[in-house]
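Asks: Please see the structure below; I have some questions.
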Amino acid sequence: MHALKGVSFTIDAGEFVTIMGSSGSGKTTMLNILGCLDKPTDGKYLLDGVDVKSLSRDELAKLRNRKIGFVFQSYNLLARTSALENVELPLLYNSDVPAKERKEKGIKALESVGLGDRLDHVPNQLSGGQQQRVAIARALVNEPVMILADEATGNLDTRTSYGIMALFQELNAKGKTIVFVTHEPDIATFSSRTITLKDGRVVKDVKNENIRSAKEMLAALPVDKDY
Amino acid sequence: MRNKTRAFLTMLGIIIGVGAVITMVSIGEGSKQSIRSQLSGMGSNMITIRPFSNSTVGGGARLGTTGLQTLRLEDIKSIQQQAKFTTDVSPSVSSNAQAIYGSQNWPTQMQGVAPSYLNIREWKLSSGMPFTDDDITISAKVCLLGQTVVDNIFSPGENPVGKVIRFGKIPFTVIGVLEKKGENTFGQDQDDVILAPYSTVQKRILAIVYIQNIYASAIDENSSDTATKELTAILRVNHKLKPNDDNDFTVRTQAELISTISSTSQLLTVLLTATAGISLLVGGIGIMNIMYVSVTERTKEIGLRMAIGARGRDILLQFLVEAILISITGGVIGVVLGITSAKLVTVFLGWPTLVSESSIILSFAVCAVTGVFFGYYPAQSASRLDPIEALRYE
């Protein structure tokens, strides 16, 4: 039983790609392979020119640390740990970054997601949207080649989702490569390219000609949509 | 570990374990120390030589030690001249009779000894002067009274020094009073005695030329074995014993007695320590248990850490450090608790305690080892988790 069959595509630097598909389409397997959490049984995955297949468990961990920034649906922040410490976490496993630079880098990452004033807040003092911003800051802190988001807006209301998408678009505009796995067609309209999976095959791979601006959408939302 | 209550409860096993080890060892050491110092009061370097015989009389009845005449003053001379591991040596002869002063009398023992006997027994005078070698030479009728004798034949407040008492029929001038020594370990009153020059007792009371016992002191506690061997060799030569002959005397040291009694309290210490050690082990298992719970509970966190680049060994180290930290912290608190409760035992129960450095170091080392040992398996199981499954774990 293969979760993915004959899938082949290339994502260029600076792209904002959404991977769409209903449950059972092979989305999760795709995500695990793209995130170097799993290795394909057959075929090749090159990340930033590196063939993942030949790497050991520890080398994969290092690759995840340096080249991929994960953003999860349920944020996965450490409880009872300040936003800053959460963001510094990946640097802890990066021996290239000296201990004294961690704090500075962490603060910079939190400022870039607009949470420069929430450094010492612990997750349960933050709203869902803010927690996801902390998670995005954590994904950014090691300056990865790719940000891999897994249903990153799945737990958020429409308004907050648009806010998060606006942030992704902003990051993309600054040159970050973003791969966004989702099952919401609405979200896909913010990206520059959409790959649709069905039964383990790519059924559609289209450039998005008409990219919507999440920032404008957010401004257009009626205020009472909050509730 | 950010859950303080749980961390503390986990530590509790270690705290109690370490505290118990230190308290128990201190009680054991304390009692050993107090027995030792009690025995030292009797003169811990003291060596006793008694006559002894295996030969039998009549139908095979063996002779006791009394009446044997194998020890002589020549033996004392030889010991004084040849022995290198003894400092003082004194003969001893004794006689029992009534001590009489005025209208009071008291049955007691007169022990005839040399002036060096006081050194051997580490005995001081509370008043008066000791007799001298000159008194020995002239067999002077002078004596030193034990406190019990003083209490029984003198009225309270009366100074015995300079008074003349009678021992049996013979008058003796009291020249000094011995300091109170109290009962020995076997409950005998050590103060119920009169000391007099041995020559006086030999000639004027017993009319004998042999001596009943020899007391000597080794140069220090540790050399009492060597001194025993040396004395045995000297006496065998003196008594012209052939290599196959049995000794016609026995040499006993106070150190033997100390070691016998110490070994009893040593056993006590070992038992107490073992009990405390078991509680330390249980504490360790408590740590392991909590670490396993912690690993399970934090599976998602482990998954996240792995996703963002933690290697297996980073996770292993994290949990191992946590376990060691818990056990070391517990150890520190336990040491403090142990020292405190040892003090409390002394204050409230009046038991002697002695907190030894070695017990602190040992229990601390055991703590660190416990942390590593019981923390390793949970940490290892954490490090082997599959990041994908760990991330999806709810």
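All residue names refer to the structure tokens as shown: chains lettered A, B, ... in order, residues numbered from 1 in each chain, ligands numbered from 1 in order.
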If you count only C-alpha atoms, which residues fall within 9 Å of range 38-50 of chain A, apart from same-chain ones fewer than 2 positions away, as number ranges by chain?

Replies: A: 6, 29, 31-36, 52-53, 63, 67, 145; B: 387-388

Asks: Pull the alpha helix (DSSP H) assignments for range 62-226 of chain A out of DSSP run on the backbone, and list those residues as a ChimeraX atom specification.

Replies: /A:62-67,83-92,99-112,128-140,158-173,185-188,214-220

Asks: Please check the contacts: residues of chain B at most 10 Å away from chain A, using only C-alpha atoms, listed as JSON, numbers by chain.

Replies: {"B": [2, 3, 298, 300, 301, 303, 304, 305, 306, 307, 308, 309, 310, 311, 312, 313, 314, 386, 387, 388, 391]}

Asks: Which residues come within 8 Å of range 323-339 of chain B, counting only C-alpha atoms, excluding same-chain residues fewer than 2 positions away, as an MDAnalysis selection string?

Replies: chainID B and resid 7 10:12 14:23 284 287 291 319:321 341:343 355 360 363:364 367:368 370:372 374:375

Asks: Pull N, CA and C atoms from the residues just selected and write them as an mmCIF file, in the first residue's frame.

Replies:
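Output below, filename result.cif:
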data_model
loop_
_atom_site.group_PDB
_atom_site.id
_atom_site.type_symbol
_atom_site.label_atom_id
_atom_site.label_comp_id
_atom_site.auth_asym_id
_atom_site.auth_seq_id
_atom_site.Cartn_x
_atom_site.Cartn_y
_atom_site.Cartn_z
ATOM 1 N N ALA B 7 7.767 17.360 41.293
ATOM 2 C CA ALA B 7 9.219 17.232 41.453
ATOM 3 C C ALA B 7 9.559 17.002 42.920
ATOM 4 N N THR B 10 8.549 13.529 44.026
ATOM 5 C CA THR B 10 9.496 12.550 43.498
ATOM 6 C C THR B 10 10.765 12.541 44.343
ATOM 7 N N MET B 11 11.189 13.762 44.702
ATOM 8 C CA MET B 11 12.404 13.901 45.504
ATOM 9 C C MET B 11 12.241 13.288 46.884
ATOM 10 N N LEU B 12 11.001 13.287 47.362
ATOM 11 C CA LEU B 12 10.742 12.883 48.738
ATOM 12 C C LEU B 12 11.373 11.520 49.060
ATOM 13 N N ILE B 14 13.972 10.164 47.739
ATOM 14 C CA ILE B 14 15.421 10.349 47.872
ATOM 15 C C ILE B 14 15.735 11.086 49.165
ATOM 16 N N ILE B 15 14.939 12.121 49.449
ATOM 17 C CA ILE B 15 15.180 12.920 50.651
ATOM 18 C C ILE B 15 15.125 12.025 51.888
ATOM 19 N N ILE B 16 14.051 11.235 51.964
ATOM 20 C CA ILE B 16 13.892 10.357 53.121
ATOM 21 C C ILE B 16 15.011 9.321 53.147
ATOM 22 N N GLY B 17 15.323 8.775 51.975
ATOM 23 C CA GLY B 17 16.381 7.766 51.900
ATOM 24 C C GLY B 17 17.708 8.302 52.404
ATOM 25 N N VAL B 18 18.125 9.427 51.837
ATOM 26 C CA VAL B 18 19.419 10.008 52.222
ATOM 27 C C VAL B 18 19.392 10.438 53.681
ATOM 28 N N GLY B 19 18.291 11.094 54.062
ATOM 29 C CA GLY B 19 18.166 11.536 55.454
ATOM 30 C C GLY B 19 18.279 10.354 56.402
ATOM 31 N N ALA B 20 17.595 9.253 56.047
ATOM 32 C CA ALA B 20 17.627 8.066 56.898
ATOM 33 C C ALA B 20 19.032 7.483 56.972
ATOM 34 N N VAL B 21 19.693 7.384 55.817
ATOM 35 C CA VAL B 21 21.058 6.834 55.817
ATOM 36 C C VAL B 21 21.948 7.637 56.764
ATOM 37 N N ILE B 22 21.898 8.961 56.612
ATOM 38 C CA ILE B 22 22.795 9.794 57.413
ATOM 39 C C ILE B 22 22.454 9.716 58.899
ATOM 40 N N THR B 23 21.160 9.762 59.217
ATOM 41 C CA THR B 23 20.773 9.676 60.623
ATOM 42 C C THR B 23 21.181 8.333 61.220
ATOM 43 N N GLY B 284 14.713 5.718 44.417
ATOM 44 C CA GLY B 284 15.200 5.649 43.041
ATOM 45 C C GLY B 284 14.142 5.111 42.097
ATOM 46 N N ILE B 287 11.726 7.691 41.307
ATOM 47 C CA ILE B 287 12.204 8.591 40.247
ATOM 48 C C ILE B 287 11.950 7.973 38.877
ATOM 49 N N MET B 291 9.682 9.456 35.994
ATOM 50 C CA MET B 291 10.311 9.797 34.719
ATOM 51 C C MET B 291 9.573 9.125 33.567
ATOM 52 N N PHE B 319 16.375 14.293 29.605
ATOM 53 C CA PHE B 319 15.669 13.547 30.651
ATOM 54 C C PHE B 319 16.629 13.029 31.712
ATOM 55 N N LEU B 320 17.830 12.663 31.275
ATOM 56 C CA LEU B 320 18.820 12.168 32.217
ATOM 57 C C LEU B 320 19.233 13.279 33.180
ATOM 58 N N VAL B 321 19.475 14.449 32.633
ATOM 59 C CA VAL B 321 19.862 15.597 33.465
ATOM 60 C C VAL B 321 18.746 15.896 34.457
ATOM 61 N N SER B 341 18.106 15.785 61.826
ATOM 62 C CA SER B 341 17.433 14.787 62.663
ATOM 63 C C SER B 341 18.427 14.064 63.561
ATOM 64 N N ALA B 342 19.702 13.958 63.111
ATOM 65 C CA ALA B 342 20.716 13.383 64.008
ATOM 66 C C ALA B 342 20.860 14.253 65.253
ATOM 67 N N LYS B 343 20.844 15.592 65.024
ATOM 68 C CA LYS B 343 20.945 16.526 66.146
ATOM 69 C C LYS B 343 19.734 16.380 67.070
ATOM 70 N N VAL B 355 27.799 12.506 62.975
ATOM 71 C CA VAL B 355 27.608 12.586 61.527
ATOM 72 C C VAL B 355 28.981 12.509 60.878
ATOM 73 N N ILE B 360 28.020 11.171 54.394
ATOM 74 C CA ILE B 360 27.462 12.225 53.541
ATOM 75 C C ILE B 360 27.921 12.029 52.101
ATOM 76 N N SER B 363 26.295 8.765 50.598
ATOM 77 C CA SER B 363 24.888 8.831 50.223
ATOM 78 C C SER B 363 24.687 9.801 49.064
ATOM 79 N N PHE B 364 25.548 10.801 48.990
ATOM 80 C CA PHE B 364 25.468 11.733 47.880
ATOM 81 C C PHE B 364 25.840 11.048 46.567
ATOM 82 N N CYS B 367 23.141 8.873 45.435
ATOM 83 C CA CYS B 367 22.094 9.699 44.827
ATOM 84 C C CYS B 367 22.356 9.929 43.342
ATOM 85 N N ALA B 368 23.568 10.363 43.051
ATOM 86 C CA ALA B 368 23.929 10.659 41.666
ATOM 87 C C ALA B 368 23.801 9.392 40.822
ATOM 88 N N THR B 370 21.956 6.791 41.517
ATOM 89 C CA THR B 370 20.531 6.479 41.429
ATOM 90 C C THR B 370 19.891 7.272 40.296
ATOM 91 N N GLY B 371 20.229 8.573 40.241
ATOM 92 C CA GLY B 371 19.683 9.432 39.197
ATOM 93 C C GLY B 371 20.019 8.909 37.807
ATOM 94 N N VAL B 372 21.287 8.565 37.610
ATOM 95 C CA VAL B 372 21.721 8.068 36.310
ATOM 96 C C VAL B 372 21.070 6.722 36.010
ATOM 97 N N PHE B 374 18.366 5.085 37.384
ATOM 98 C CA PHE B 374 16.918 5.006 37.236
ATOM 99 C C PHE B 374 16.387 6.006 36.209
ATOM 100 N N GLY B 375 17.210 7.005 35.868
ATOM 101 C CA GLY B 375 16.776 7.959 34.870
ATOM 102 C C GLY B 375 17.098 7.501 33.460
#

Asks: Output as a PyMOL selection string all residues of range 83-308 of chain B that backbone DSSP marks as strand (DSSP E).

Replies: chain B and resi 86-101+104-113+125-128+142-145+164-167+170-178+193-197+213-218+249-253

Asks: Name all residues at most 8 Å from range 140-155 of chain B (count only C-alpha atoms; drop same-chain ones fewer than 4 positions away) and give them as an mmCIF file with C-alpha atoms, in the first residue's frame.

Replies:
data_model
loop_
_atom_site.group_PDB
_atom_site.id
_atom_site.type_symbol
_atom_site.label_atom_id
_atom_site.label_comp_id
_atom_site.auth_asym_id
_atom_site.auth_seq_id
_atom_site.Cartn_x
_atom_site.Cartn_y
_atom_site.Cartn_z
ATOM 1 C CA ALA B 99 39.340 -1.770 105.876
ATOM 2 C CA ILE B 100 38.873 -0.174 109.282
ATOM 3 C CA TYR B 101 38.927 3.437 110.375
ATOM 4 C CA GLY B 102 37.588 4.545 113.732
ATOM 5 C CA GLN B 104 33.670 2.075 110.547
ATOM 6 C CA ASN B 105 34.731 -0.943 108.555
ATOM 7 C CA TRP B 106 34.271 -1.984 104.945
ATOM 8 C CA THR B 108 37.413 -4.319 100.173
ATOM 9 C CA PRO B 130 51.024 8.792 94.839
ATOM 10 C CA PHE B 131 53.548 6.427 96.363
ATOM 11 C CA ASP B 135 58.039 3.203 98.997
ATOM 12 C CA ILE B 136 58.358 -0.010 96.978
ATOM 13 C CA PRO B 160 41.479 10.913 104.632
ATOM 14 C CA PRO B 171 47.995 -0.142 109.777
ATOM 15 C CA PHE B 172 48.428 1.912 106.587
ATOM 16 C CA THR B 173 48.903 5.642 106.212
ATOM 17 C CA VAL B 174 46.596 7.149 103.613
ATOM 18 C CA ILE B 175 48.715 9.331 101.314
ATOM 19 C CA GLY B 176 46.167 10.003 98.564
ATOM 20 C CA VAL B 177 42.648 9.505 97.282
ATOM 21 C CA LEU B 178 41.939 8.194 93.779
ATOM 22 C CA GLU B 179 39.643 10.061 91.408
ATOM 23 C CA LYS B 180 36.194 8.513 91.017
ATOM 24 C CA GLN B 190 36.171 0.398 90.059
ATOM 25 C CA ASP B 191 36.446 2.681 93.076
ATOM 26 C CA ASP B 192 36.062 -0.070 95.659
ATOM 27 C CA VAL B 193 39.820 -0.626 95.967
ATOM 28 C CA ILE B 194 42.882 0.330 97.968
ATOM 29 C CA LEU B 195 46.189 0.674 96.105
ATOM 30 C CA ALA B 196 49.430 0.011 97.954
ATOM 31 C CA PRO B 197 53.056 -0.730 96.972
ATOM 32 C CA THR B 200 54.162 -4.229 100.913
#

Asks: Within 9 Å of range 71-83 of chain B, counting only C-alpha atoms, which residues qualify if same-chain residues fewer than 3 places away don't, as a list in words?

Replies: Ile49, Arg50, Pro51, Leu68, Thr86, Thr87, Asp88, Val89, Ser90, Pro91, Val209, Tyr210, Ile211, Gln212, Asn213, Ile214, Ala227, Glu230, Leu231, Ile234, Leu235, Asn238, His239, Asp248 and Phe249 of chain B

Asks: Okay, now the selection with C-alpha atoms, as an mmCIF file, in the first residue's frame?

Replies:
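Generated output (out.cif):
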data_model
loop_
_atom_site.group_PDB
_atom_site.id
_atom_site.type_symbol
_atom_site.label_atom_id
_atom_site.label_comp_id
_atom_site.auth_asym_id
_atom_site.auth_seq_id
_atom_site.Cartn_x
_atom_site.Cartn_y
_atom_site.Cartn_z
ATOM 1 C CA ILE B 49 49.019 -10.773 81.701
ATOM 2 C CA ARG B 50 47.652 -13.555 83.889
ATOM 3 C CA PRO B 51 49.119 -16.899 84.824
ATOM 4 C CA LEU B 68 49.561 -20.367 89.959
ATOM 5 C CA THR B 86 55.113 -1.008 76.026
ATOM 6 C CA THR B 87 55.566 2.177 78.014
ATOM 7 C CA ASP B 88 54.595 1.228 81.560
ATOM 8 C CA VAL B 89 54.511 -2.085 83.296
ATOM 9 C CA SER B 90 53.319 -2.936 86.775
ATOM 10 C CA PRO B 91 52.965 -6.132 88.795
ATOM 11 C CA VAL B 209 57.311 -13.792 96.214
ATOM 12 C CA TYR B 210 55.388 -14.414 92.991
ATOM 13 C CA ILE B 211 52.989 -11.931 91.416
ATOM 14 C CA GLN B 212 49.430 -12.541 90.398
ATOM 15 C CA ASN B 213 49.030 -10.313 87.357
ATOM 16 C CA ILE B 214 51.076 -8.001 85.202
ATOM 17 C CA ALA B 227 53.068 -5.355 72.098
ATOM 18 C CA GLU B 230 56.498 -8.988 72.031
ATOM 19 C CA LEU B 231 55.455 -9.613 75.635
ATOM 20 C CA ILE B 234 59.819 -12.171 76.304
ATOM 21 C CA LEU B 235 57.878 -14.219 78.837
ATOM 22 C CA ASN B 238 62.002 -15.981 80.664
ATOM 23 C CA HIS B 239 59.945 -19.046 81.570
ATOM 24 C CA ASP B 248 51.940 -20.667 81.133
ATOM 25 C CA PHE B 249 50.320 -17.227 80.999
#

Asks: Show me, as a list in words, the residues that have an atom within 8 Å of range 109-118 of chain A when counting only C-alpha atoms, minus same-chain residues fewer than 6 positions from it.

Replies: Ala83, Leu84, Val87, Gln130, Arg133, Val134, Ile136, Ala137, Arg138, Leu140, Val141 and Leu167 of chain A

Asks: What is the CA of Leu241 in chain B-CA of Asn45 in chain B distance in Å, reported with one decimal?

Replies: 26.9 Å

Asks: Just the residues within 7 Å of Ser191 in chain A, please, counting only C-alpha atoms, with nothing from its chain fewer than 5 positions along; format it as a VMD selection string.

Replies: chain A and resid 16 to 18 208 211

Asks: Would you work out the distance separating CA of Gln188 in chain B from CA of Gln109 in chain B, expressed in Å to one decimal?

Replies: 12.9 Å

Asks: When you draw a straight line from CA of Leu148 in chain A to CA of Val202 in chain A, how long is it in Å?

Replies: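 Between CA of Leu148 in chain A and CA of Val202 in chain A the gap works out to 18.5 Å.
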